[in-house]
file final.pdb (PDB, C-alpha atoms)
ATOM      1  CA  CYS A   1      15.742 -36.404  -2.600
ATOM      2  CA  ASN A   2      16.589 -34.577   0.632
ATOM      3  CA  LYS A   3      17.752 -31.477  -1.276
ATOM      4  CA  GLY A   4      14.533 -31.465  -3.271
ATOM      5  CA  VAL A   5      12.424 -31.634  -0.116
ATOM      6  CA  GLU A   6      14.420 -28.794   1.451
ATOM      7  CA  ALA A   7      13.911 -26.659  -1.658
ATOM      8  CA  ILE A   8      10.170 -27.307  -1.551
ATOM      9  CA  LYS A   9      10.036 -26.481   2.164
ATOM     10  CA  LEU A  10      11.970 -23.278   1.482
ATOM     11  CA  CYS A  11       9.527 -22.256  -1.259
ATOM     12  CA  LEU A  12       6.582 -22.966   1.034
ATOM     13  CA  CYS A  13       8.143 -20.942   3.857
ATOM     14  CA  ASN A  14       8.736 -18.022   1.483
ATOM     15  CA  ALA A  15       5.171 -18.177   0.216
ATOM     16  CA  GLN A  16       3.699 -18.357   3.706
ATOM     17  CA  CYS A  17       5.924 -15.526   4.982
ATOM     18  CA  HIS A  18       4.844 -13.385   2.046
ATOM     19  CA  SER A  19       1.188 -14.255   2.585
ATOM     20  CA  ALA A  20       1.359 -13.538   6.328
ATOM     21  CA  LEU A  21       3.163 -10.231   5.794
ATOM     22  CA  ASP A  22       0.613  -9.162   3.192
ATOM     23  CA  GLN A  23      -2.257 -10.045   5.533
ATOM     24  CA  ILE A  24      -0.591  -8.188   8.423
ATOM     25  CA  CYS A  25      -0.386  -5.048   6.285
ATOM     26  CA  ASN A  26      -4.029  -5.418   5.258
ATOM     27  CA  TYR A  27      -5.220  -5.924   8.828
ATOM     28  CA  LEU A  28      -3.120  -2.997  10.097
ATOM     29  CA  TYR A  29      -4.671  -0.796   7.421
ATOM     30  CA  ILE A  30      -8.128  -1.988   8.514
ATOM     31  CA  LYS A  31      -7.164  -1.257  12.124
ATOM     32  CA  SER A  32      -6.257   2.339  11.300
ATOM     33  CA  ARG A  33      -9.559   2.792   9.451
ATOM     34  CA  PHE A  34     -11.493   1.247  12.364
ATOM     35  CA  ARG A  35      -9.834   3.698  14.746
ATOM     36  CA  MET A  36     -10.687   6.607  12.480
ATOM     37  CA  TYR A  37     -14.290   5.413  12.076
ATOM     38  CA  LYS A  38     -14.755   4.765  15.788
ATOM     39  CA  GLY A  39     -13.380   8.166  16.737
ATOM     40  CA  ALA A  40     -15.520  10.066  14.251
ATOM     41  CA  GLN A  41     -18.751   8.094  13.880
ATOM     42  CA  VAL A  42     -19.428   5.933  16.954
ATOM     43  CA  TRP A  43     -21.052   7.586  19.953
ATOM     44  CA  HIS A  44     -23.402   5.424  22.014
ATOM     45  CA  GLN A  45     -22.794   2.369  24.162
ATOM     46  CA  GLY A  46     -24.179  -0.285  21.816
ATOM     47  CA  ALA A  47     -22.362   1.033  18.780
ATOM     48  CA  THR A  48     -19.163   1.500  20.774
ATOM     49  CA  THR A  49     -19.342  -2.087  22.042
ATOM     50  CA  ARG A  50     -19.866  -3.440  18.524
ATOM     51  CA  ALA A  51     -17.019  -1.331  17.146
ATOM     52  CA  ARG A  52     -14.746  -2.450  19.981
ATOM     53  CA  GLY A  53     -15.657  -6.072  19.189
ATOM     54  CA  LEU A  54     -14.740  -5.559  15.533
ATOM     55  CA  MET A  55     -11.444  -3.989  16.544
ATOM     56  CA  ASN A  56     -10.680  -6.862  18.923
ATOM     57  CA  ARG A  57     -11.379  -9.456  16.218
ATOM     58  CA  ASN A  58      -9.133  -7.549  13.832
ATOM     59  CA  ASN A  59      -6.361  -7.456  16.463
ATOM     60  CA  GLU A  60      -6.704 -11.228  16.903
ATOM     61  CA  LYS A  61      -6.267 -11.665  13.150
ATOM     62  CA  ILE A  62      -3.146  -9.486  13.257
ATOM     63  CA  CYS A  63      -1.726 -11.623  16.076
ATOM     64  CA  MET A  64      -2.554 -14.858  14.217
ATOM     65  CA  GLN A  65      -0.781 -13.676  11.077
ATOM     66  CA  ALA A  66       2.190 -12.470  13.125
ATOM     67  CA  GLU A  67       2.440 -15.910  14.767
ATOM     68  CA  LYS A  68       2.271 -17.525  11.329
ATOM     69  CA  TYR A  69       5.056 -15.266  10.047
ATOM     70  CA  VAL A  70       7.261 -15.938  13.089
ATOM     71  CA  ALA A  71       6.715 -19.704  12.788
ATOM     72  CA  MET A  72       7.623 -19.709   9.101
ATOM     73  CA  TRP A  73      10.639 -17.470   9.728
ATOM     74  CA  GLU A  74      11.856 -19.913  12.389
ATOM     75  CA  ALA A  75      11.300 -22.869  10.051
ATOM     76  CA  LYS A  76      13.286 -21.097   7.364
ATOM     77  CA  ARG A  77      16.037 -20.261   9.861
ATOM     78  CA  LEU A  78      16.307 -23.929  10.781
ATOM     79  CA  LEU A  79      16.529 -24.908   7.102
ATOM     80  CA  VAL A  80      19.123 -22.441   5.807
ATOM     81  CA  GLY A  81      20.484 -20.524   8.783
ATOM     82  CA  GLU A  82      19.809 -16.987   9.921
ATOM     83  CA  ALA A  83      22.566 -15.349   7.861
ATOM     84  CA  SER A  84      21.056 -16.335   4.511
ATOM     85  CA  ILE A  85      17.456 -15.268   5.214
ATOM     86  CA  ALA A  86      16.311 -12.212   3.260
ATOM     87  CA  TRP A  87      13.209 -11.838   5.425
ATOM     88  CA  HIS A  88      13.356  -9.660   8.520
ATOM     89  CA  ARG A  89      12.730 -11.071  11.972
ATOM     90  CA  LEU A  90       9.340  -9.859  13.219
ATOM     91  CA  ASP A  91       9.186  -8.337  16.681
ATOM     92  CA  PRO A  92       5.437  -8.099  17.437
ATOM     93  CA  LYS A  93       5.942  -5.470  20.143
ATOM     94  CA  LYS A  94       7.983  -3.155  17.924
ATOM     95  CA  ASP A  95       7.089  -3.835  14.299
ATOM     96  CA  LEU A  96       3.312  -4.233  14.330
ATOM     97  CA  HIS A  97       2.009  -0.694  14.140
ATOM     98  CA  CYS A  98      -0.039   1.265  11.674
ATOM     99  CA  MET A  99       1.415   3.990   9.546
ATOM    100  CA  ASP A 100      -0.341   6.533  11.759
ATOM    101  CA  ALA A 101       1.642   5.320  14.732
ATOM    102  CA  GLU A 102       1.690   6.382  18.362
ATOM    103  CA  GLU A 103       3.912   9.382  17.755
ATOM    104  CA  ASP A 104       1.339  10.849  15.370
ATOM    105  CA  ARG A 105      -1.409  10.488  17.946
ATOM    106  CA  ALA A 106       0.859  12.062  20.576
ATOM    107  CA  VAL A 107       1.208  15.171  18.412
ATOM    108  CA  VAL A 108      -2.576  15.369  17.968
ATOM    109  CA  ASN A 109      -3.138  14.927  21.710
ATOM    110  CA  ASN A 110      -0.592  17.682  22.404
ATOM    111  CA  ARG A 111      -2.503  20.037  20.094
ATOM    112  CA  ARG A 112      -5.793  19.156  21.805
ATOM    113  CA  HIS A 113      -4.214  19.816  25.208
ATOM    114  CA  ARG A 114      -2.991  23.250  24.082
ATOM    115  CA  LYS A 115      -6.430  24.019  22.668
ATOM    116  CA  ARG A 116      -8.113  23.122  25.974
ATOM    117  CA  LYS A 117      -5.650  25.298  27.877
ATOM    118  CA  ASN A 118      -6.245  28.187  25.424
ATOM    119  CA  ILE A 119      -2.605  28.316  24.398
ATOM    120  CA  GLY A 120      -2.511  29.931  20.979
ATOM    121  CA  GLU A 121      -0.202  29.125  18.117
ATOM    122  CA  GLY A 122       1.907  32.238  18.721
ATOM    123  CA  GLN A 123       2.368  31.454  22.410
ATOM    124  CA  ARG A 124       4.346  28.279  21.901
ATOM    125  CA  CYS A 125       7.464  27.166  20.121
ATOM    126  CA  ARG A 126       7.157  25.262  16.882
ATOM    127  CA  ASP A 127       6.230  21.633  17.337
ATOM    128  CA  PRO A 128       9.572  19.773  17.130
ATOM    129  CA  THR A 129       8.147  16.627  15.559
ATOM    130  CA  GLY A 130       8.073  16.909  11.802
ATOM    131  CA  GLU A 131       7.520  14.598   8.896
ATOM    132  CA  GLY A 132      11.214  13.680   8.808
ATOM    133  CA  ARG A 133      11.143  12.214  12.305
ATOM    134  CA  HIS A 134       8.476   9.568  11.751
ATOM    135  CA  THR A 135       9.561   5.957  11.714
ATOM    136  CA  ILE A 136       7.872   3.436   9.460
ATOM    137  CA  SER A 137       8.078  -0.237  10.270
ATOM    138  CA  TRP A 138       9.877  -2.445   7.758
ATOM    139  CA  ILE A 139       6.663  -4.348   7.055
ATOM    140  CA  TRP A 140       5.340  -1.385   5.052
ATOM    141  CA  MET A 141       8.412  -1.321   2.822
ATOM    142  CA  GLY A 142       8.455  -4.949   1.808
ATOM    143  CA  VAL A 143      10.696  -7.880   2.437
ATOM    144  CA  ASP A 144      14.255  -7.035   1.493
ATOM    145  CA  THR A 145      14.563  -3.359   2.336
ATOM    146  CA  SER A 146      18.340  -3.408   2.144
ATOM    147  CA  SER A 147      18.625  -4.488  -1.493
ATOM    148  CA  ALA A 148      18.493  -2.354  -4.603
ATOM    149  CA  ALA A 149      15.211  -4.007  -5.618
ATOM    150  CA  THR A 150      13.342  -1.969  -3.025
ATOM    151  CA  SER A 151      14.862   1.403  -3.769
ATOM    152  CA  ASN A 152      12.853   4.620  -4.059
ATOM    153  CA  THR A 153      11.462   3.514  -7.415
ATOM    154  CA  VAL A 154       9.690   0.484  -5.939
ATOM    155  CA  LEU A 155       7.382   1.704  -3.175
ATOM    156  CA  THR A 156       4.506  -0.162  -1.690
ATOM    157  CA  ALA A 157       1.026   1.278  -1.941
ATOM    158  CA  GLY A 158       1.035   2.327   1.712
ATOM    159  CA  LEU A 159       4.228   4.347   1.328
ATOM    160  CA  CYS A 160       2.850   6.072  -1.765
ATOM    161  CA  VAL A 161      -0.271   7.056   0.157
ATOM    162  CA  GLU A 162       1.770   8.442   3.049
ATOM    163  CA  TRP A 163       4.006  10.407   0.689
ATOM    164  CA  CYS A 164       0.984  11.896  -1.091
ATOM    165  CA  LYS A 165      -0.591  12.834   2.247
ATOM    166  CA  ALA A 166       2.636  14.523   3.354
ATOM    167  CA  TRP A 167       2.842  16.656   0.217
ATOM    168  CA  ALA A 168      -0.882  17.371  -0.209
TER     169      ALA A 168
END
call {"tool": "encode", "arguments": {"input": "final.pdb", "output": "structure tokens"}}
result
Amino acid sequence: CNKGVEAIKLCLCNAQCHSALDQICNYLYIKSRFRMYKGAQVWHQGATTRARGLMNRNNEKICMQAEKYVAMWEAKRLLVGEASIAWHRLDPKKDLHCMDAEEDRAVVNNRRHRKRKNIGEGQRCRDPTGEGRHTISWIWMGVDTSSAATSNTVLTAGLCVEWCKAWA
């Protein structure tokens, strides 16, 4: 009976980890769209406050799902041990970022700075950050990124979008 209960707990942990990871990806996608909307469409104090409130609620949902994932990962670790877990350990400080991460915004801010200073394209060296230097968190690639099941033929929708944007 004990083995049966452990198997059920393991299935529940897998399901909840998958659910939490899926929700994290959804909320991170919403976060990137909120940022884009707020930067392009929101101008006055009332609208900015409402948009900021929406963004804060979305960030709370991201944190809740991250806590759920971490709790289920820990429960699974206690059941089977860390070596046999196919799921990655979630580091909220490092792994929870949108596909248009900080480094992308740094490049845009650098361009804006050059534009304000009237530095033309010919007066500077080529921007050293290219598409090959971006890092994508493992959450956008799926669960078991080291296995053959998640090779180049099986890409998540977010990776397909980023690839299409890079080659458009």
call {"tool": "closest_residue", "arguments": {"input": "final.pdb", "among": "A:Lys9, A:Arg57, A:Lys165, A:Lys93", "to": "Lys76 of chain A", "atoms": "all atoms listed in the file"}}
result
A:Lys9
call {"tool": "axis_aligned_box", "arguments": {"input": "final.pdb", "around": "segment 21-38 of chain A", "padding_each_side": "8 Å", "output": "AutoDock Vina command-line options"}}
result
--center_x -5.8 --center_y -1.8 --center_z 9.5 --size_x 33.9 --size_y 32.8 --size_z 28.6
call {"tool": "atom_distance", "arguments": {"input": "final.pdb", "atom1": "atom CA of Glu162 of chain A", "atom2": "atom CA of Ala66 of chain A"}}
result
23.2 Å
call {"tool": "closest_residue", "arguments": {"input": "final.pdb", "among": "A:Met55, A:Ile62, A:Leu78, A:Cys98", "to": "Gln23 of chain A", "atoms": "all atoms listed in the file"}}
result
A:Ile62
call {"tool": "closest_residue", "arguments": {"input": "final.pdb", "among": "A:Ala15, A:Ile30, A:Val70, A:Ala166", "to": "Pro92 of chain A", "atoms": "all atoms listed in the file"}}
result
A:Val70
call {"tool": "atom_distance", "arguments": {"input": "final.pdb", "atom1": "atom CA of Cys17 of chain A", "atom2": "atom CA of Leu90 of chain A"}}
result
10.6 Å
call {"tool": "closest_residue", "arguments": {"input": "final.pdb", "among": "A:Tyr27, A:Trp87, A:Arg50, A:Gly39", "to": "Trp73 of chain A", "atoms": "only C-alpha atoms"}}
result
A:Trp87
call {"tool": "residues_around", "arguments": {"input": "final.pdb", "residues": "Leu79 of chain A", "least_positions_apart": "6", "cutoff": "12 Å", "atoms": "all atoms listed in the file", "output": "list of chain:residue names"}}
result
A:Asn2, A:Lys3, A:Val5, A:Glu6, A:Ala7, A:Ile8, A:Lys9, A:Leu10, A:Cys11, A:Leu12, A:Cys13, A:Asn14, A:Met72, A:Trp73, A:Ile85
call {"tool": "atom_distance", "arguments": {"input": "final.pdb", "atom1": "atom CA of Ala71 of chain A", "atom2": "atom CA of Leu96 of chain A"}}
result
15.9 Å
call {"tool": "residues_around", "arguments": {"input": "final.pdb", "residues": "Ser19 of chain A", "least_positions_apart": "5", "cutoff": "9 Å", "atoms": "only C-alpha atoms", "output": "list in words"}}
result
Asn14, Ile24, Gln65 and Tyr69 of chain A
